[in-house]
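**Student:** This is the content of start36.cif (mmCIF, C-alpha atoms and all ligand atoms):
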data_my_file
loop_
_atom_site.group_PDB
_atom_site.id
_atom_site.type_symbol
_atom_site.label_atom_id
_atom_site.label_comp_id
_atom_site.auth_asym_id
_atom_site.auth_seq_id
_atom_site.Cartn_x
_atom_site.Cartn_y
_atom_site.Cartn_z
ATOM 1 C CA MET A 1 -3.427 81.874 -44.831
ATOM 2 C CA SER A 2 -2.205 78.722 -43.117
ATOM 3 C CA ILE A 3 0.967 78.913 -41.083
ATOM 4 C CA ILE A 4 2.402 75.980 -43.030
ATOM 5 C CA LYS A 5 2.181 77.955 -46.266
ATOM 6 C CA GLU A 6 3.758 80.955 -44.533
ATOM 7 C CA ARG A 7 6.406 79.009 -42.672
ATOM 8 C CA ARG A 8 9.242 80.808 -44.464
ATOM 9 C CA LYS A 9 8.087 84.165 -43.097
ATOM 10 C CA VAL A 10 7.953 82.696 -39.602
ATOM 11 C CA MET A 11 11.327 81.016 -39.820
ATOM 12 C CA SER A 12 13.086 83.983 -41.367
ATOM 13 C CA ALA A 13 11.863 86.287 -38.587
ATOM 14 C CA ILE A 14 13.044 83.751 -36.018
ATOM 15 C CA ARG A 15 16.375 83.067 -37.683
ATOM 16 C CA LYS A 16 17.358 86.746 -37.640
ATOM 17 C CA ALA A 17 16.594 87.176 -33.940
ATOM 18 C CA LYS A 18 18.841 86.583 -30.947
ATOM 19 C CA THR A 19 16.286 87.324 -28.257
ATOM 20 C CA ILE A 20 12.592 86.619 -28.660
ATOM 21 C CA PHE A 21 9.753 87.888 -26.518
ATOM 22 C CA LEU A 22 6.347 86.216 -26.622
ATOM 23 C CA MET A 23 3.011 87.580 -25.506
ATOM 24 C CA GLY A 24 -0.674 86.784 -25.828
ATOM 25 C CA HIS A 25 -3.732 88.931 -25.235
ATOM 26 C CA ARG A 26 -4.657 90.465 -21.907
ATOM 27 C CA ASP A 27 -6.688 88.176 -19.630
ATOM 28 C CA LEU A 28 -4.847 85.097 -20.819
ATOM 29 C CA ASP A 29 -6.866 82.017 -21.651
ATOM 30 C CA LEU A 30 -5.630 78.518 -22.384
ATOM 31 C CA ASP A 31 -5.317 79.236 -26.114
ATOM 32 C CA ALA A 32 -3.142 82.293 -25.541
ATOM 33 C CA ILE A 33 -0.926 80.702 -22.890
ATOM 34 C CA GLY A 34 -0.879 77.343 -24.722
ATOM 35 C CA SER A 35 0.302 78.894 -27.979
ATOM 36 C CA CYS A 36 2.958 80.913 -26.101
ATOM 37 C CA ILE A 37 4.203 77.765 -24.381
ATOM 38 C CA GLY A 38 4.229 75.765 -27.627
ATOM 39 C CA MET A 39 6.151 78.499 -29.416
ATOM 40 C CA TYR A 40 8.516 78.868 -26.467
ATOM 41 C CA THR A 41 9.395 75.164 -26.685
ATOM 42 C CA LEU A 42 9.975 75.405 -30.429
ATOM 43 C CA LEU A 43 12.237 78.430 -29.986
ATOM 44 C CA LYS A 44 14.197 76.813 -27.177
ATOM 45 C CA GLN A 45 14.927 73.860 -29.453
ATOM 46 C CA LYS A 46 16.182 76.379 -32.020
ATOM 47 C CA ARG A 47 18.490 77.623 -29.232
ATOM 48 C CA LYS A 48 16.953 81.077 -28.935
ATOM 49 C CA LYS A 49 16.859 83.154 -25.763
ATOM 50 C CA CYS A 50 13.211 83.701 -25.063
ATOM 51 C CA TYR A 51 10.832 85.220 -22.571
ATOM 52 C CA VAL A 52 7.081 85.219 -22.123
ATOM 53 C CA ILE A 53 5.662 88.602 -21.086
ATOM 54 C CA ILE A 54 2.740 88.379 -18.666
ATOM 55 C CA ASP A 55 1.320 91.479 -16.992
ATOM 56 C CA ASP A 56 -2.069 90.076 -15.913
ATOM 57 C CA LYS A 57 -2.426 90.274 -12.148
ATOM 58 C CA THR A 58 -4.998 87.503 -11.863
ATOM 59 C CA HIS A 59 -5.617 84.472 -14.038
ATOM 60 C CA GLU A 60 -8.553 82.261 -14.853
ATOM 61 C CA LEU A 61 -8.398 78.839 -13.164
ATOM 62 C CA GLY A 62 -6.883 76.832 -16.048
ATOM 63 C CA VAL A 63 -4.174 79.396 -16.766
ATOM 64 C CA GLU A 64 -3.439 79.608 -13.039
ATOM 65 C CA LYS A 65 -2.913 75.817 -12.903
ATOM 66 C CA VAL A 66 -0.670 75.794 -15.973
ATOM 67 C CA LEU A 67 1.498 78.637 -14.663
ATOM 68 C CA ARG A 68 1.773 77.021 -11.244
ATOM 69 C CA GLU A 69 2.686 73.622 -12.686
ATOM 70 C CA LEU A 70 5.259 75.066 -15.086
ATOM 71 C CA GLU A 71 6.870 77.350 -12.525
ATOM 72 C CA GLY A 72 10.598 77.509 -13.210
ATOM 73 C CA CYS A 73 10.285 75.773 -16.612
ATOM 74 C CA ILE A 74 9.508 78.928 -18.544
ATOM 75 C CA ASP A 75 11.089 82.370 -18.286
ATOM 76 C CA ILE A 76 8.210 84.693 -17.529
ATOM 77 C CA ILE A 77 8.807 88.418 -17.220
ATOM 78 C CA LYS A 78 6.757 91.579 -16.728
ATOM 79 C CA SER A 79 6.696 94.650 -18.986
ATOM 80 C CA GLU A 80 8.866 96.590 -16.572
ATOM 81 C CA ASP A 81 11.681 94.040 -16.998
ATOM 82 C CA ILE A 82 11.815 94.102 -20.803
ATOM 83 C CA ASP A 83 14.769 96.528 -20.895
ATOM 84 C CA LYS A 84 16.872 94.133 -18.833
ATOM 85 C CA TYR A 85 16.510 91.350 -21.360
ATOM 86 C CA LEU A 86 16.624 93.240 -24.655
ATOM 87 C CA TYR A 87 19.515 92.298 -26.930
ATOM 88 C CA PRO A 88 21.722 95.410 -27.303
ATOM 89 C CA ARG A 89 21.120 95.671 -31.049
ATOM 90 C CA ASP A 90 17.480 96.480 -31.596
ATOM 91 C CA ASN A 91 17.108 94.558 -34.846
ATOM 92 C CA LYS A 92 18.156 91.330 -33.118
ATOM 93 C CA ASN A 93 15.091 91.381 -30.902
ATOM 94 C CA LEU A 94 11.792 89.882 -32.009
ATOM 95 C CA LEU A 95 8.360 90.145 -30.430
ATOM 96 C CA ILE A 96 5.907 87.354 -31.262
ATOM 97 C CA ILE A 97 2.272 88.179 -30.553
ATOM 98 C CA LEU A 98 -0.032 85.180 -30.232
ATOM 99 C CA ASP A 99 -3.811 84.770 -30.238
ATOM 100 C CA THR A 100 -4.539 88.441 -30.926
ATOM 101 C CA ASN A 101 -3.584 91.017 -33.540
ATOM 102 C CA LYS A 102 -5.064 94.111 -31.883
ATOM 103 C CA THR A 103 -2.986 96.874 -30.319
ATOM 104 C CA ASP A 104 -5.467 97.452 -27.515
ATOM 105 C CA LEU A 105 -5.689 93.793 -26.475
ATOM 106 C CA VAL A 106 -2.062 92.767 -25.977
ATOM 107 C CA GLN A 107 -0.469 91.951 -22.616
ATOM 108 C CA SER A 108 2.100 94.714 -22.980
ATOM 109 C CA LYS A 109 1.870 97.896 -24.998
ATOM 110 C CA ASP A 110 5.395 98.696 -23.785
ATOM 111 C CA ALA A 111 6.644 95.653 -25.655
ATOM 112 C CA LEU A 112 5.063 96.986 -28.857
ATOM 113 C CA LYS A 113 6.968 100.236 -28.395
ATOM 114 C CA LYS A 114 10.280 98.763 -27.323
ATOM 115 C CA ILE A 115 10.680 95.974 -29.880
ATOM 116 C CA SER A 116 10.564 96.957 -33.537
ATOM 117 C CA ASN A 117 10.540 93.508 -35.175
ATOM 118 C CA LYS A 118 7.139 91.970 -34.659
ATOM 119 C CA LEU A 119 5.481 88.771 -35.788
ATOM 120 C CA ILE A 120 1.798 88.077 -35.221
ATOM 121 C CA ILE A 121 0.474 84.514 -35.201
ATOM 122 C CA ASP A 122 -3.289 84.650 -34.842
ATOM 123 C CA HIS A 123 -6.628 83.212 -35.909
ATOM 124 C CA HIS A 124 -8.859 86.268 -35.340
ATOM 125 C CA GLU A 125 -9.905 88.515 -38.181
ATOM 126 C CA LEU A 126 -7.865 91.670 -38.737
ATOM 127 C CA GLY A 127 -9.454 95.030 -37.977
ATOM 128 C CA LYS A 128 -8.933 98.737 -37.518
ATOM 129 C CA THR A 129 -6.775 98.313 -34.425
ATOM 130 C CA THR A 130 -4.562 95.566 -35.867
ATOM 131 C CA ILE A 131 -0.889 96.178 -35.045
ATOM 132 C CA LYS A 132 0.492 97.892 -38.122
ATOM 133 C CA ASP A 133 4.250 97.345 -38.169
ATOM 134 C CA ALA A 134 4.235 93.545 -37.907
ATOM 135 C CA VAL A 135 4.655 90.525 -40.135
ATOM 136 C CA ILE A 136 1.216 88.964 -39.874
ATOM 137 C CA ILE A 137 0.395 85.272 -40.102
ATOM 138 C CA ASP A 138 -3.363 85.266 -39.725
ATOM 139 C CA ASP A 139 -5.306 82.076 -40.357
ATOM 140 C CA THR A 140 -8.979 82.786 -39.726
ATOM 141 C CA GLU A 141 -9.788 79.247 -40.825
ATOM 142 C CA ALA A 142 -7.825 77.824 -37.898
ATOM 143 C CA SER A 143 -9.794 77.035 -34.750
ATOM 144 C CA SER A 144 -7.187 78.430 -32.410
ATOM 145 C CA ALA A 145 -3.656 79.743 -32.054
ATOM 146 C CA CYS A 146 -2.808 76.368 -30.472
ATOM 147 C CA GLU A 147 -3.871 74.590 -33.676
ATOM 148 C CA MET A 148 -1.518 76.846 -35.677
ATOM 149 C CA ILE A 149 1.386 76.219 -33.325
ATOM 150 C CA THR A 150 0.689 72.468 -33.373
ATOM 151 C CA GLN A 151 1.075 72.559 -37.155
ATOM 152 C CA LEU A 152 4.505 74.167 -36.719
ATOM 153 C CA VAL A 153 5.462 71.692 -34.018
ATOM 154 C CA GLU A 154 4.704 68.828 -36.388
ATOM 155 C CA LEU A 155 6.362 70.475 -39.378
ATOM 156 C CA PHE A 156 9.640 70.988 -37.530
ATOM 157 C CA ASP A 157 9.341 67.734 -35.640
ATOM 158 C CA ILE A 158 9.680 69.546 -32.309
ATOM 159 C CA GLU A 159 9.911 67.384 -29.222
ATOM 160 C CA LEU A 160 7.000 68.301 -27.015
ATOM 161 C CA GLU A 161 6.644 66.833 -23.544
ATOM 162 C CA SER A 162 3.274 65.236 -22.924
ATOM 163 C CA TYR A 163 2.152 67.921 -20.480
ATOM 164 C CA TYR A 164 2.896 70.627 -23.058
ATOM 165 C CA ALA A 165 0.906 68.672 -25.638
ATOM 166 C CA THR A 166 -1.957 68.602 -23.127
ATOM 167 C CA ILE A 167 -1.863 72.391 -22.737
ATOM 168 C CA LEU A 168 -2.013 72.928 -26.514
ATOM 169 C CA LEU A 169 -4.868 70.447 -26.718
ATOM 170 C CA ALA A 170 -6.673 72.365 -23.971
ATOM 171 C CA GLY A 171 -6.339 75.552 -26.042
ATOM 172 C CA ILE A 172 -8.012 73.832 -28.986
ATOM 173 C CA VAL A 173 -10.756 72.321 -26.813
ATOM 174 C CA LEU A 174 -11.441 75.728 -25.262
ATOM 175 C CA ASP A 175 -11.630 77.716 -28.501
ATOM 176 C CA THR A 176 -13.766 75.113 -30.300
ATOM 177 C CA ASN A 177 -16.013 74.595 -27.275
ATOM 178 C CA ASN A 178 -15.252 70.856 -27.276
ATOM 179 C CA PHE A 179 -14.871 70.551 -31.043
ATOM 180 C CA THR A 180 -18.277 72.035 -31.805
ATOM 181 C CA LEU A 181 -17.323 75.479 -33.163
ATOM 182 C CA LYS A 182 -14.882 76.293 -36.004
ATOM 183 C CA THR A 183 -13.747 72.676 -36.123
ATOM 184 C CA LYS A 184 -12.308 71.391 -39.381
ATOM 185 C CA PRO A 185 -10.450 68.213 -40.364
ATOM 186 C CA GLU A 186 -7.184 70.050 -39.587
ATOM 187 C CA THR A 187 -8.450 70.713 -36.070
ATOM 188 C CA PHE A 188 -9.089 67.021 -35.427
ATOM 189 C CA TYR A 189 -5.752 66.224 -36.999
ATOM 190 C CA SER A 190 -3.959 68.619 -34.625
ATOM 191 C CA ALA A 191 -5.815 67.061 -31.711
ATOM 192 C CA TYR A 192 -4.780 63.609 -32.960
ATOM 193 C CA TYR A 193 -1.173 64.755 -33.297
ATOM 194 C CA LEU A 194 -1.074 66.231 -29.788
ATOM 195 C CA SER A 195 -2.679 63.125 -28.407
ATOM 196 C CA SER A 196 -0.028 60.987 -30.132
ATOM 197 C CA LEU A 197 2.595 63.061 -28.300
ATOM 198 C CA GLY A 198 0.966 62.144 -25.007
ATOM 199 C CA GLY A 199 -1.529 64.988 -24.711
ATOM 200 C CA SER A 200 -4.246 63.755 -22.368
ATOM 201 C CA ALA A 201 -7.955 64.458 -22.739
ATOM 202 C CA LYS A 202 -8.403 63.647 -19.066
ATOM 203 C CA LYS A 203 -5.835 66.244 -18.053
ATOM 204 C CA VAL A 204 -7.505 68.731 -20.421
ATOM 205 C CA GLN A 205 -10.709 68.191 -18.498
ATOM 206 C CA TYR A 206 -8.803 68.937 -15.285
ATOM 207 C CA LEU A 207 -7.434 72.168 -16.767
ATOM 208 C CA LEU A 208 -10.901 73.228 -17.885
ATOM 209 C CA LYS A 209 -12.587 72.468 -14.574
ATOM 210 C CA GLN A 210 -14.819 75.297 -13.473
ATOM 211 C CA ASP A 211 -15.619 76.999 -10.246
ATOM 212 C CA VAL A 212 -19.083 76.061 -8.936
ATOM 213 C CA THR A 213 -19.991 79.578 -7.802
ATOM 214 C CA GLU A 214 -18.989 81.128 -11.111
ATOM 215 C CA TYR A 215 -20.919 78.419 -12.952
ATOM 216 C CA THR A 216 -24.042 79.135 -10.905
ATOM 217 C CA GLU A 217 -23.719 82.861 -11.565
ATOM 218 C CA ARG A 218 -23.514 82.133 -15.277
ATOM 219 C CA GLN A 219 -26.515 79.796 -15.170
ATOM 220 C CA LYS A 220 -28.593 82.663 -13.775
ATOM 221 C CA LEU A 221 -27.992 84.491 -17.023
ATOM 222 C CA LEU A 222 -29.669 81.704 -18.964
ATOM 223 C CA ALA A 223 -32.971 82.233 -17.156
ATOM 224 C CA GLY A 224 -33.867 85.331 -19.168
ATOM 225 C CA ILE A 225 -33.091 84.341 -22.754
ATOM 226 C CA GLU A 226 -35.029 86.228 -25.408
ATOM 227 C CA THR A 227 -34.767 85.744 -29.131
ATOM 228 C CA ILE A 228 -34.929 88.339 -31.880
ATOM 229 C CA ASN A 229 -36.244 87.229 -35.286
ATOM 230 C CA ASN A 230 -35.888 83.689 -34.006
ATOM 231 C CA ARG A 231 -32.167 83.633 -34.783
ATOM 232 C CA ILE A 232 -30.463 86.010 -32.393
ATOM 233 C CA ALA A 233 -30.361 85.068 -28.731
ATOM 234 C CA PHE A 234 -30.066 87.740 -26.143
ATOM 235 C CA THR A 235 -29.845 87.761 -22.366
ATOM 236 C CA LYS A 236 -28.975 90.234 -19.651
ATOM 237 C CA ALA A 237 -27.811 89.993 -16.066
ATOM 238 C CA THR A 238 -29.205 91.686 -13.007
ATOM 239 C CA PRO A 239 -27.318 94.834 -12.009
ATOM 240 C CA TYR A 240 -26.289 93.251 -8.686
ATOM 241 C CA THR A 241 -23.611 90.862 -9.885
ATOM 242 C CA VAL A 242 -20.325 91.916 -11.441
ATOM 243 C CA TYR A 243 -19.141 89.341 -13.984
ATOM 244 C CA ARG A 244 -15.774 88.764 -15.554
ATOM 245 C CA ARG A 245 -15.691 89.363 -19.301
ATOM 246 C CA GLU A 246 -14.841 85.683 -19.878
ATOM 247 C CA ASP A 247 -18.001 84.689 -18.031
ATOM 248 C CA LEU A 248 -20.231 86.743 -20.294
ATOM 249 C CA ALA A 249 -18.376 85.225 -23.258
ATOM 250 C CA LYS A 250 -18.972 81.687 -21.988
ATOM 251 C CA VAL A 251 -22.697 82.364 -21.710
ATOM 252 C CA ALA A 252 -22.678 83.781 -25.242
ATOM 253 C CA ASP A 253 -20.996 80.539 -26.385
ATOM 254 C CA THR A 254 -23.689 78.488 -24.687
ATOM 255 C CA LEU A 255 -26.490 80.437 -26.376
ATOM 256 C CA LEU A 256 -25.182 79.295 -29.768
ATOM 257 C CA PHE A 257 -26.171 75.733 -28.873
ATOM 258 C CA PHE A 258 -29.898 76.394 -29.120
ATOM 259 C CA ASN A 259 -32.080 75.623 -32.128
ATOM 260 C CA ASN A 260 -31.971 78.194 -34.965
ATOM 261 C CA ILE A 261 -29.682 80.550 -33.070
ATOM 262 C CA GLU A 262 -27.037 82.131 -35.297
ATOM 263 C CA ALA A 263 -25.716 84.824 -32.973
ATOM 264 C CA SER A 264 -25.834 85.683 -29.301
ATOM 265 C CA PHE A 265 -25.467 88.771 -27.147
ATOM 266 C CA VAL A 266 -25.001 88.849 -23.398
ATOM 267 C CA ILE A 267 -25.131 92.030 -21.317
ATOM 268 C CA GLY A 268 -23.912 92.327 -17.762
ATOM 269 C CA LYS A 269 -21.937 94.451 -15.387
ATOM 270 C CA ILE A 270 -18.191 93.948 -15.699
ATOM 271 C CA GLY A 271 -17.244 96.633 -13.197
ATOM 272 C CA LYS A 272 -18.976 98.833 -10.616
ATOM 273 C CA ASP A 273 -19.883 101.445 -13.236
ATOM 274 C CA THR A 274 -19.103 99.444 -16.360
ATOM 275 C CA VAL A 275 -21.516 97.456 -18.489
ATOM 276 C CA GLY A 276 -20.206 94.934 -21.004
ATOM 277 C CA ILE A 277 -21.634 93.107 -23.983
ATOM 278 C CA SER A 278 -20.146 89.855 -25.156
ATOM 279 C CA ALA A 279 -21.260 88.426 -28.489
ATOM 280 C CA ARG A 280 -20.713 85.264 -30.493
ATOM 281 C CA SER A 281 -21.755 84.142 -33.942
ATOM 282 C CA LEU A 282 -21.645 80.925 -35.941
ATOM 283 C CA GLY A 283 -20.404 82.956 -38.897
ATOM 284 C CA ASN A 284 -23.568 83.907 -40.797
ATOM 285 C CA PHE A 285 -24.369 87.027 -38.814
ATOM 286 C CA ASP A 286 -21.766 89.780 -38.577
ATOM 287 C CA ILE A 287 -21.700 90.684 -34.898
ATOM 288 C CA GLY A 288 -18.571 92.798 -35.399
ATOM 289 C CA ARG A 289 -20.610 95.322 -37.364
ATOM 290 C CA VAL A 290 -23.289 95.561 -34.682
ATOM 291 C CA LEU A 291 -20.699 96.042 -31.952
ATOM 292 C CA GLU A 292 -18.841 98.685 -33.908
ATOM 293 C CA LYS A 293 -22.022 100.742 -34.017
ATOM 294 C CA LEU A 294 -21.997 100.562 -30.237
ATOM 295 C CA GLY A 295 -18.357 101.610 -29.975
ATOM 296 C CA GLY A 296 -17.061 98.094 -29.443
ATOM 297 C CA GLY A 297 -15.331 95.741 -31.799
ATOM 298 C CA GLY A 298 -14.845 92.208 -32.981
ATOM 299 C CA ASP A 299 -15.003 89.999 -36.025
ATOM 300 C CA THR A 300 -17.589 87.665 -37.519
ATOM 301 C CA TYR A 301 -17.341 85.143 -34.669
ATOM 302 C CA ASN A 302 -16.376 87.052 -31.507
ATOM 303 C CA GLY A 303 -16.883 90.501 -30.200
ATOM 304 C CA ALA A 304 -17.358 92.726 -27.201
ATOM 305 C CA ALA A 305 -18.224 96.250 -26.195
ATOM 306 C CA LYS A 306 -17.849 98.214 -22.987
ATOM 307 C CA PHE A 307 -19.854 101.157 -21.656
ATOM 308 C CA GLU A 308 -19.004 103.469 -18.756
ATOM 309 C CA ASN A 309 -21.485 105.155 -16.432
ATOM 310 C CA THR A 310 -24.646 103.725 -17.893
ATOM 311 C CA THR A 311 -27.179 101.066 -16.994
ATOM 312 C CA ILE A 312 -27.845 97.595 -18.290
ATOM 313 C CA SER A 313 -31.291 98.612 -19.527
ATOM 314 C CA LYS A 314 -29.943 101.565 -21.502
ATOM 315 C CA VAL A 315 -27.354 99.369 -23.186
ATOM 316 C CA GLU A 316 -30.041 96.748 -23.815
ATOM 317 C CA GLN A 317 -32.250 99.299 -25.555
ATOM 318 C CA GLU A 318 -29.419 100.576 -27.733
ATOM 319 C CA LEU A 319 -28.444 97.050 -28.742
ATOM 320 C CA LYS A 320 -31.999 96.002 -29.479
ATOM 321 C CA ASP A 321 -32.598 99.046 -31.663
ATOM 322 C CA ILE A 322 -29.586 98.141 -33.777
ATOM 323 C CA LEU A 323 -30.433 94.442 -33.902
ATOM 324 C CA LYS A 324 -33.966 95.134 -35.063
ATOM 325 C CA LYS A 325 -32.670 97.305 -37.893
ATOM 326 C CA GLU A 326 -30.080 94.663 -38.834
ATOM 327 C CA GLY A 327 -32.720 91.973 -38.867
ATOM 328 C CA GLU A 328 -35.043 93.786 -41.225
HETATM 329 MN MN MN B 1 -7.771 81.857 -29.470
#
Represent the supplied structure as structure tokens.
Ligand SMILES: [Mn+2]

**Tutor:**
Amino acid sequence: MSIIKERRKVMSAIRKAKTIFLMGHRDLDLDAIGSCIGMYTLLKQKRKKCYVIIDDKTHELGVEKVLRELEGCIDIIKSEDIDKYLYPRDNKNLLIILDTNKTDLVQSKDALKKISNKLIIDHHELGKTTIKDAVIIDDTEASSACEMITQLVELFDIELESYYATILLAGIVLDTNNFTLKTKPETFYSAYYLSSLGGSAKKVQYLLKQDVTEYTERQKLLAGIETINNRIAFTKATPYTVYRREDLAKVADTLLFFNNIEASFVIGKIGKDTVGISARSLGNFDIGRVLEKLGGGGDTYNGAAKFENTTISKVEQELKDILKKEGE
């Protein structure tokens, strides 16, 4: 349901808390960091003590830029420091989890253990590994966590500096792949609102700038596209390059742009002995179900799976067997 309709739940959780911790999913992207930063600003204006928990050791380029440019403006802590900042009475602490609802994907599992009051603000579908003991605001109709936070920012008339508006806009641009996926009137409205606060499309482009070498590596993956039943696109990497999970996901996004394609699967090495699949769907083909059969997970639109000590061709065969059955 939309965050506007559930605003009372959000505000009551916030009102009760003295100290608030924020975290996104592991391997932060601009939607996760953008929604954290937007929420942080809102909470600061409500005079709350708050901290963003980041355990990632490396960041993708856009997140790296944002964190560098905001150095000193936001209190960022690591899991190991949580104890230092906890309010003495446990029920006065609140943990807000943004852009994910899954136990195994969060920045800090320690935070889940140490803070009993939890609030999830997310746009991904719920699943088996959804955090159980949390108040959940889950709007699967929203394009991004940044869109949800923008709605709150407008509702409470929060002052957002133009650079912060740019970061939230970047989160929306990223998750919608330039307003082509999951984009609704509300999404354009949020983009309009952020832009009216000084959010800059040009600066978004700067945040989303890519690395040439990584781009070239991804392009290589497009050389071997196959289609199954004319509506599922599939491609695999050579075993010689190790990709980041985000890179496989970006290629899967790209595959959705081709004629008739409803879903896409990309296989590549994501570690020396680890093979990964990243999958995307426009919504008419349930990739989550396919990935679950392979031991992975996801929802209708996004998903991934990981395999240890195997080869790309073995994973390919397993996936194709399932896809053929699904397609029948
Ligand atoms: Mn997101």

**Student:** Could you give me, as a PyMOL selection string, every polymer residue with an atom at most 7 Å away from an atom of ligand MN 1 (chain B), counting all atoms listed in the file?

**Tutor:** chain A and resi 31-32+99+123+144-145+175

**Student:** So that I have them on file, write out the residues from the current selection with C-alpha atoms, as a compact mmCIF listing (two decimals), keeping the file's coordinate frame.

**Tutor:**
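result_17.txt written:
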# COMPACT_ATOMS: atom_id res chain seq x y z
CA ASP A 31 -5.32 79.24 -26.11
CA ALA A 32 -3.14 82.29 -25.54
CA ASP A 99 -3.81 84.77 -30.24
CA HIS A 123 -6.63 83.21 -35.91
CA SER A 144 -7.19 78.43 -32.41
CA ALA A 145 -3.66 79.74 -32.05
CA ASP A 175 -11.63 77.72 -28.50

**Student:** Skip Ser79 (chain A) itself and residues of its chain fewer than 2 positions away, then list as an MDAnalysis selection string all residues within 9 Å of it, counting all atoms listed in the file.

**Tutor:** chainID A and resid 53:55 77 81:83 107:111

**Student:** Selected residues, C-alpha atoms, written as a JSON list (two decimals), in the frame of the given file, please.

**Tutor:**
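The resulting file, part35.json, is reproduced below:
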[["chain", "number", "residue", "atom", "x", "y", "z"],
["A", 53, "ILE", "CA", 5.66, 88.60, -21.09],
["A", 54, "ILE", "CA", 2.74, 88.38, -18.67],
["A", 55, "ASP", "CA", 1.32, 91.48, -16.99],
["A", 77, "ILE", "CA", 8.81, 88.42, -17.22],
["A", 81, "ASP", "CA", 11.68, 94.04, -17.00],
["A", 82, "ILE", "CA", 11.82, 94.10, -20.80],
["A", 83, "ASP", "CA", 14.77, 96.53, -20.90],
["A", 107, "GLN", "CA", -0.47, 91.95, -22.62],
["A", 108, "SER", "CA", 2.10, 94.71, -22.98],
["A", 109, "LYS", "CA", 1.87, 97.90, -25.00],
["A", 110, "ASP", "CA", 5.40, 98.70, -23.78],
["A", 111, "ALA", "CA", 6.64, 95.65, -25.66]]

**Student:** Between A:Cys73, A:Val135, A:Leu323, A:Leu256, single out the one closest to Ile37 (chain A), counting all atoms listed in the file.

**Tutor:**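 Between A:Cys73, A:Val135, A:Leu323, A:Leu256, the residue approaching Ile37 (chain A) most closely is A:Cys73.
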
**Student:** So which residues get picked by the PyMOL selection byres (((chain A and resi 235) around 10) and not hetatm) here, written as a list in words?

**Tutor:**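 Selected by the PyMOL selection byres (((chain A and resi 235) around 10) and not hetatm) in this file: Leu221, Leu222, Ala223, Gly224, Ile225, Glu226, Thr227, Ala233, Phe234, Lys236, Ala237, Leu248, Val251, Ala252, Leu255, Ser264, Phe265, Val266, Ile267, Gly268, Ile277 and Glu316 of chain A.
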
**Student:** Compare A:Leu70, A:Met148, A:Ile270, A:Ala17 by their minimum atom-to-atom distance to Glu308 (chain A), counting only C-alpha atoms, and give me the closest one.

**Tutor:** A:Ile270
